[in-house]
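Text of query34.txt, listed as compact mmCIF, C-alpha atoms:
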# COMPACT_ATOMS: atom_id res chain seq x y z
CA LEU E 75 -42.87 -51.10 23.88
CA THR E 76 -46.23 -49.88 25.14
CA GLY E 77 -45.50 -46.67 27.02
CA LEU E 78 -47.60 -47.85 29.96
CA ARG E 79 -47.04 -47.05 33.62
CA THR E 80 -45.66 -49.79 35.87
CA ASN E 81 -48.92 -50.63 37.65
CA GLU E 82 -50.77 -50.76 34.34
CA CYS E 83 -48.35 -53.49 33.23
CA THR E 84 -47.94 -55.47 36.43
CA GLY E 85 -51.67 -56.13 36.69
CA ALA E 86 -52.05 -57.13 33.03
CA LYS E 87 -54.13 -60.23 32.37
CA TRP E 88 -54.28 -62.38 29.27
CA ARG E 89 -57.97 -61.60 28.73
CA GLU E 90 -57.02 -57.95 28.04
CA ILE E 91 -55.11 -58.93 24.90
CA ASP E 92 -56.94 -59.25 21.58
CA VAL E 93 -54.44 -61.16 19.44
CA ASN E 94 -56.50 -60.79 16.24
CA LYS E 95 -56.79 -57.00 16.58
CA ARG E 96 -53.26 -56.71 18.04
CA LEU E 97 -54.69 -54.62 20.84
CA TRP E 98 -54.23 -54.48 24.59
CA THR E 99 -57.18 -52.94 26.44
CA VAL E 100 -56.33 -51.87 29.98
CA PRO E 101 -59.48 -51.55 32.12
CA LYS E 102 -60.26 -48.17 33.65
CA GLU E 103 -59.71 -49.53 37.16
CA ARG E 104 -55.98 -49.83 36.48
CA MET E 105 -55.58 -46.55 34.62
CA LYS E 106 -54.41 -43.37 36.36
CA LYS E 107 -57.09 -41.21 34.76
CA GLY E 108 -59.80 -43.84 35.29
CA VAL E 109 -60.54 -44.33 31.59
CA GLU E 110 -60.10 -47.57 29.62
CA HIS E 111 -56.99 -47.37 27.42
CA ARG E 112 -56.30 -49.25 24.20
CA ILE E 113 -52.70 -49.91 23.21
CA PRO E 114 -51.78 -51.00 19.69
CA LEU E 115 -49.32 -53.89 19.82
CA SER E 116 -46.31 -53.77 17.51
CA ASP E 117 -44.75 -56.79 15.81
CA GLN E 118 -42.14 -56.92 18.56
CA ALA E 119 -44.73 -56.68 21.35
CA MET E 120 -46.74 -59.48 19.73
CA GLU E 121 -43.61 -61.65 19.50
CA LEU E 122 -42.85 -61.06 23.18
CA LEU E 123 -46.44 -61.79 24.19
CA THR E 124 -46.42 -65.01 22.15
CA THR E 125 -43.35 -66.20 24.05
CA LEU E 126 -44.86 -65.21 27.40
CA PHE E 127 -48.15 -66.92 26.52
CA GLU E 128 -46.30 -70.20 25.88
CA GLN E 129 -44.76 -69.89 29.36
CA ARG E 130 -47.91 -68.72 31.19
CA THR E 131 -48.64 -70.08 34.66
CA ASN E 132 -51.78 -68.11 35.49
CA GLU E 133 -54.03 -65.31 34.19
CA TYR E 134 -51.34 -62.64 34.57
CA ILE E 135 -49.04 -61.75 31.70
CA PHE E 136 -46.25 -61.02 34.19
CA PRO E 137 -46.92 -63.54 36.98
CA SER E 138 -45.46 -63.28 40.45
CA PRO E 139 -42.83 -65.96 41.01
CA SER E 140 -43.70 -66.18 44.71
CA ILE E 141 -47.44 -65.48 45.11
CA GLU E 142 -49.86 -67.81 43.37
CA ASN E 143 -52.27 -66.26 40.84
CA ARG E 144 -50.90 -62.72 41.19
CA GLY E 145 -48.96 -60.42 38.94
CA ILE E 146 -45.52 -59.14 39.81
CA SER E 147 -45.42 -56.28 42.30
CA ASN E 148 -44.95 -52.66 41.30
CA GLY E 149 -41.54 -52.72 42.96
CA THR E 150 -40.27 -55.58 40.81
CA MET E 151 -39.13 -53.36 37.95
CA ASP E 152 -37.39 -50.90 40.27
CA ALA E 153 -35.73 -53.82 42.07
CA LEU E 154 -34.49 -55.17 38.73
CA LEU E 155 -32.90 -51.83 37.83
CA LYS E 156 -31.31 -51.62 41.27
CA ARG E 157 -30.07 -55.23 41.15
CA GLU E 158 -28.52 -54.67 37.72
CA GLY E 159 -26.67 -51.59 39.01
CA TYR E 160 -28.87 -48.90 37.46
CA LYS E 161 -30.02 -47.43 40.78
CA PRO E 162 -30.14 -43.77 39.71
CA TYR E 163 -32.56 -44.64 36.88
CA THR E 164 -36.28 -45.22 37.27
CA VAL E 165 -38.87 -47.26 35.43
CA HIS E 166 -40.82 -44.06 34.82
CA GLY E 167 -37.78 -42.87 32.88
CA PHE E 168 -38.76 -45.31 30.12
CA ARG E 169 -41.99 -43.33 29.62
CA SER E 170 -39.98 -40.12 29.54
CA THR E 171 -37.69 -41.64 26.92
CA PHE E 172 -40.74 -42.61 24.87
CA ARG E 173 -42.03 -39.01 25.05
CA ASP E 174 -38.59 -37.69 24.02
CA TYR E 175 -38.54 -40.11 21.09
CA ILE E 176 -41.97 -38.95 19.91
CA THR E 177 -40.97 -35.29 20.10
CA GLU E 178 -37.41 -35.49 18.81
CA LYS E 179 -37.46 -38.34 16.31
CA THR E 180 -40.94 -38.22 14.74
CA ASN E 181 -43.43 -35.77 13.31
CA THR E 182 -46.16 -37.16 15.55
CA ALA E 183 -48.67 -34.58 16.77
CA TRP E 184 -48.38 -33.69 20.47
CA ARG E 185 -51.93 -34.90 21.16
CA THR E 186 -51.20 -38.32 19.62
CA GLY E 187 -48.19 -38.69 21.90
CA GLU E 188 -50.22 -37.66 24.91
CA GLU E 189 -52.88 -40.22 24.01
CA ALA E 190 -50.20 -42.90 23.65
CA LEU E 191 -49.03 -42.06 27.18
CA ALA E 192 -52.66 -41.97 28.42
CA HIS E 193 -52.25 -38.42 29.69
CA LYS E 194 -55.32 -36.40 30.59
CA LEU E 195 -55.82 -33.18 28.64
CA ALA E 196 -55.33 -30.24 31.00
CA ASP E 197 -57.78 -27.97 29.18
CA LYS E 198 -61.31 -29.12 30.07
CA ALA E 199 -62.85 -27.37 27.06
CA GLU E 200 -60.41 -29.08 24.72
CA ALA E 201 -61.01 -32.42 26.43
CA ALA E 202 -64.76 -32.04 25.86
CA TYR E 203 -64.16 -32.03 22.09
CA GLN E 204 -61.34 -34.58 21.97
CA ARG E 205 -63.20 -37.83 22.57
CA GLY E 206 -61.32 -40.18 20.23
CA ASP E 207 -58.21 -42.09 21.17
CA LEU E 208 -56.35 -41.66 17.85
CA LEU E 209 -55.88 -45.41 17.60
CA GLU E 210 -54.99 -45.50 13.90
CA LYS E 211 -52.25 -42.92 14.35
CA ARG E 212 -50.98 -44.70 17.45
CA ILE E 213 -50.73 -48.02 15.56
CA VAL E 214 -48.11 -46.38 13.33
CA LEU E 215 -46.42 -44.67 16.29
CA MET E 216 -46.10 -47.83 18.37
CA GLN E 217 -44.61 -49.76 15.46
CA THR E 218 -42.05 -47.04 14.72
CA TRP E 219 -41.18 -46.89 18.44
CA SER E 220 -40.67 -50.64 18.59
CA ASP E 221 -38.59 -50.58 15.42
CA TYR E 222 -36.47 -47.83 16.97
CA CYS E 223 -36.01 -49.82 20.19
CA TYR E 224 -35.01 -52.95 18.31
CA GLN E 225 -32.81 -51.49 15.58
CA THR E 226 -29.19 -52.54 15.78
CA THR E 227 -27.88 -49.33 14.25
CA ALA E 228 -29.36 -47.11 16.95
CA LYS E 229 -26.94 -45.02 18.94
CA VAL E 230 -26.90 -46.89 22.21
CA ILE E 231 -25.34 -45.23 25.21
CA GLN E 232 -23.89 -47.65 27.75
CA LEU E 233 -25.27 -46.72 31.15
CA SER E 234 -22.65 -46.69 33.87
CA ARG E 235 -23.31 -49.03 36.75
CA ALA E 236 -23.92 -47.47 40.14
CA ASN E 237 -21.49 -48.39 42.89
Mind converting the file's structure to structure tokens?
Amino acid sequence: LTGLRTNECTGAKWREIDVNKRLWTVPKERMKKGVEHRIPLSDQAMELLTTLFEQRTNEYIFPSPSIENRGISNGTMDALLKREGYKPYTVHGFRSTFRDYITEKTNTAWRTGEEALAHKLADKAEAAYQRGDLLEKRIVLMQTWSDYCYQTTAKVIQLSRAN
């Protein structure tokens, strides 16, 4: 629901969430491009976070079940896919699916999608002039993405289980 990379999620702490602004701010230390990233939180993301907050055991949103006061490991998500029989698929594939959704199902500008994915602009001259994070546009995008993920009329393709 956020389009974040695995390590950006596994290290998430409750203090990064601003419930009133419905915003998750990932510190630059956990971001691939080394720049703080703000993620608008959809209704569905807020509902999930509310449930997780009620069950919290430490400062991590996704706490490790075996190591005290730590988040889950980066391999946890891959292990879950493997355990559930989806071995050929990767967690990074969820980000790819998000990008495909943006391009194929919306009229969202390419730059807005890239900002949602926290991608660095390749053109240094363009990057020098593009200093905003397009938050207002991404609020709309993240809600439409969440609605798409949660809709019951979506065409869902059953993934075959790996042997």
Nearby residues, (-50.6, -47.8, 14.3) file frame, 12 Å, all atoms listed in the file, as a compact mmCIF listing (two decimals) with C-alpha atoms, in the coordinates of the input:
# COMPACT_ATOMS: atom_id res chain seq x y z
CA THR E 76 -46.23 -49.88 25.14
CA LYS E 95 -56.79 -57.00 16.58
CA ARG E 96 -53.26 -56.71 18.04
CA LEU E 97 -54.69 -54.62 20.84
CA ARG E 112 -56.30 -49.25 24.20
CA ILE E 113 -52.70 -49.91 23.21
CA PRO E 114 -51.78 -51.00 19.69
CA LEU E 115 -49.32 -53.89 19.82
CA SER E 116 -46.31 -53.77 17.51
CA ASP E 117 -44.75 -56.79 15.81
CA THR E 182 -46.16 -37.16 15.55
CA THR E 186 -51.20 -38.32 19.62
CA ALA E 190 -50.20 -42.90 23.65
CA ASP E 207 -58.21 -42.09 21.17
CA LEU E 208 -56.35 -41.66 17.85
CA LEU E 209 -55.88 -45.41 17.60
CA GLU E 210 -54.99 -45.50 13.90
CA LYS E 211 -52.25 -42.92 14.35
CA ARG E 212 -50.98 -44.70 17.45
CA ILE E 213 -50.73 -48.02 15.56
CA VAL E 214 -48.11 -46.38 13.33
CA LEU E 215 -46.42 -44.67 16.29
CA MET E 216 -46.10 -47.83 18.37
CA GLN E 217 -44.61 -49.76 15.46
CA THR E 218 -42.05 -47.04 14.72
CA TRP E 219 -41.18 -46.89 18.44
CA SER E 220 -40.67 -50.64 18.59
d(CA of Leu191 in chain E, CA of Tyr203 in chain E) in Å: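 Between CA of Leu191 in chain E and CA of Tyr203 in chain E the gap is 18.9 Å.
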One-decimal distance in Å that lies between CA of Thr124 in chain E and CA of Thr171 in chain E: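 CA of Thr124 in chain E lies at a distance of 25.4 Å from CA of Thr171 in chain E.
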With a distance cut-off of 10 Å and all atoms listed in the file, select the neighbouring residues of Arg79 in chain E, excluding the residue or stretch itself and same-chain residues fewer than 6 positions from it, and output the selection as a compact mmCIF listing (two decimals) with C-alpha atoms, in the frame of the given file.
# COMPACT_ATOMS: atom_id res chain seq x y z
CA ARG E 104 -55.98 -49.83 36.48
CA MET E 105 -55.58 -46.55 34.62
CA LYS E 106 -54.41 -43.37 36.36
CA ASN E 148 -44.95 -52.66 41.30
CA VAL E 165 -38.87 -47.26 35.43
CA HIS E 166 -40.82 -44.06 34.82
CA PHE E 168 -38.76 -45.31 30.12
CA ARG E 169 -41.99 -43.33 29.62
CA LEU E 191 -49.03 -42.06 27.18
CA ALA E 192 -52.66 -41.97 28.42
Can you give me all heavy atoms for range 151-162 of chain E, written as a tab-separated table (two decimals), in the coordinates of the input?
chain	number	residue	atom	x	y	z
E	151	MET	N	-39.93	-54.02	38.99
E	151	MET	CA	-39.13	-53.36	37.95
E	151	MET	C	-38.05	-52.47	38.56
E	151	MET	O	-36.91	-52.47	38.10
E	151	MET	CB	-40.04	-52.54	37.03
E	151	MET	CG	-41.05	-53.39	36.28
E	151	MET	SD	-40.28	-54.58	35.18
E	151	MET	CE	-39.65	-53.49	33.93
E	152	ASP	N	-38.39	-51.72	39.60
E	152	ASP	CA	-37.39	-50.90	40.27
E	152	ASP	C	-36.30	-51.78	40.88
E	152	ASP	O	-35.12	-51.45	40.81
E	152	ASP	CB	-38.03	-50.02	41.35
E	152	ASP	CG	-38.79	-48.85	40.78
E	152	ASP	OD1	-38.34	-48.29	39.76
E	152	ASP	OD2	-39.84	-48.50	41.34
E	153	ALA	N	-36.70	-52.90	41.47
E	153	ALA	CA	-35.73	-53.82	42.07
E	153	ALA	C	-34.80	-54.39	41.00
E	153	ALA	O	-33.59	-54.55	41.25
E	153	ALA	CB	-36.46	-54.95	42.79
E	154	LEU	N	-35.33	-54.67	39.81
E	154	LEU	CA	-34.49	-55.17	38.73
E	154	LEU	C	-33.44	-54.13	38.33
E	154	LEU	O	-32.26	-54.46	38.19
E	154	LEU	CB	-35.34	-55.54	37.51
E	154	LEU	CG	-34.57	-55.94	36.26
E	154	LEU	CD1	-33.80	-57.23	36.50
E	154	LEU	CD2	-35.51	-56.10	35.09
E	155	LEU	N	-33.85	-52.89	38.17
E	155	LEU	CA	-32.90	-51.83	37.83
E	155	LEU	C	-31.82	-51.70	38.91
E	155	LEU	O	-30.63	-51.58	38.61
E	155	LEU	CB	-33.61	-50.49	37.63
E	155	LEU	CG	-34.44	-50.34	36.36
E	155	LEU	CD1	-35.19	-49.01	36.36
E	155	LEU	CD2	-33.57	-50.45	35.12
E	156	LYS	N	-32.25	-51.73	40.15
E	156	LYS	CA	-31.31	-51.62	41.27
E	156	LYS	C	-30.35	-52.80	41.28
E	156	LYS	O	-29.13	-52.63	41.41
E	156	LYS	CB	-32.08	-51.53	42.59
E	156	LYS	CG	-31.20	-51.31	43.80
E	156	LYS	CD	-32.05	-51.17	45.05
E	156	LYS	CE	-31.16	-50.99	46.26
E	156	LYS	NZ	-31.96	-50.88	47.49
E	157	ARG	N	-30.89	-54.01	41.14
E	157	ARG	CA	-30.07	-55.23	41.15
E	157	ARG	C	-29.04	-55.23	40.03
E	157	ARG	O	-27.92	-55.68	40.19
E	157	ARG	CB	-30.95	-56.47	41.06
E	157	ARG	CG	-30.16	-57.77	41.20
E	157	ARG	CD	-31.02	-59.00	41.07
E	157	ARG	NE	-31.36	-59.18	39.68
E	157	ARG	CZ	-32.54	-59.57	39.23
E	157	ARG	NH1	-33.52	-59.81	40.06
E	157	ARG	NH2	-32.76	-59.71	37.95
E	158	GLU	N	-29.42	-54.69	38.87
E	158	GLU	CA	-28.52	-54.67	37.72
E	158	GLU	C	-27.54	-53.49	37.76
E	158	GLU	O	-26.75	-53.31	36.84
E	158	GLU	CB	-29.33	-54.64	36.42
E	158	GLU	CG	-30.13	-55.91	36.18
E	158	GLU	CD	-29.26	-57.14	36.06
E	158	GLU	OE1	-28.21	-57.09	35.38
E	158	GLU	OE2	-29.60	-58.17	36.68
E	159	GLY	N	-27.62	-52.68	38.84
E	159	GLY	CA	-26.67	-51.59	39.01
E	159	GLY	C	-27.10	-50.28	38.40
E	159	GLY	O	-26.29	-49.37	38.24
E	160	TYR	N	-28.38	-50.14	38.06
E	160	TYR	CA	-28.87	-48.90	37.46
E	160	TYR	C	-29.72	-48.12	38.46
E	160	TYR	O	-30.77	-47.58	38.12
E	160	TYR	CB	-29.67	-49.21	36.20
E	160	TYR	CG	-28.86	-49.93	35.14
E	160	TYR	CD1	-29.18	-51.22	34.76
E	160	TYR	CD2	-27.77	-49.32	34.55
E	160	TYR	CE1	-28.43	-51.88	33.80
E	160	TYR	CE2	-27.01	-49.97	33.59
E	160	TYR	CZ	-27.35	-51.24	33.23
E	160	TYR	OH	-26.60	-51.89	32.28
E	161	LYS	N	-29.27	-48.05	39.70
E	161	LYS	CA	-30.02	-47.43	40.78
E	161	LYS	C	-30.47	-45.99	40.51
E	161	LYS	O	-31.58	-45.63	40.86
E	161	LYS	CB	-29.21	-47.49	42.07
E	161	LYS	CG	-29.97	-47.00	43.29
E	161	LYS	CD	-29.17	-47.12	44.55
E	161	LYS	CE	-29.97	-46.60	45.73
E	161	LYS	NZ	-29.21	-46.67	46.96
E	162	PRO	N	-29.66	-45.14	39.89
E	162	PRO	CA	-30.14	-43.77	39.71
E	162	PRO	C	-31.27	-43.64	38.68
E	162	PRO	O	-31.91	-42.60	38.59
E	162	PRO	CB	-28.90	-43.00	39.24
E	162	PRO	CG	-28.01	-44.03	38.66
E	162	PRO	CD	-28.30	-45.30	39.41
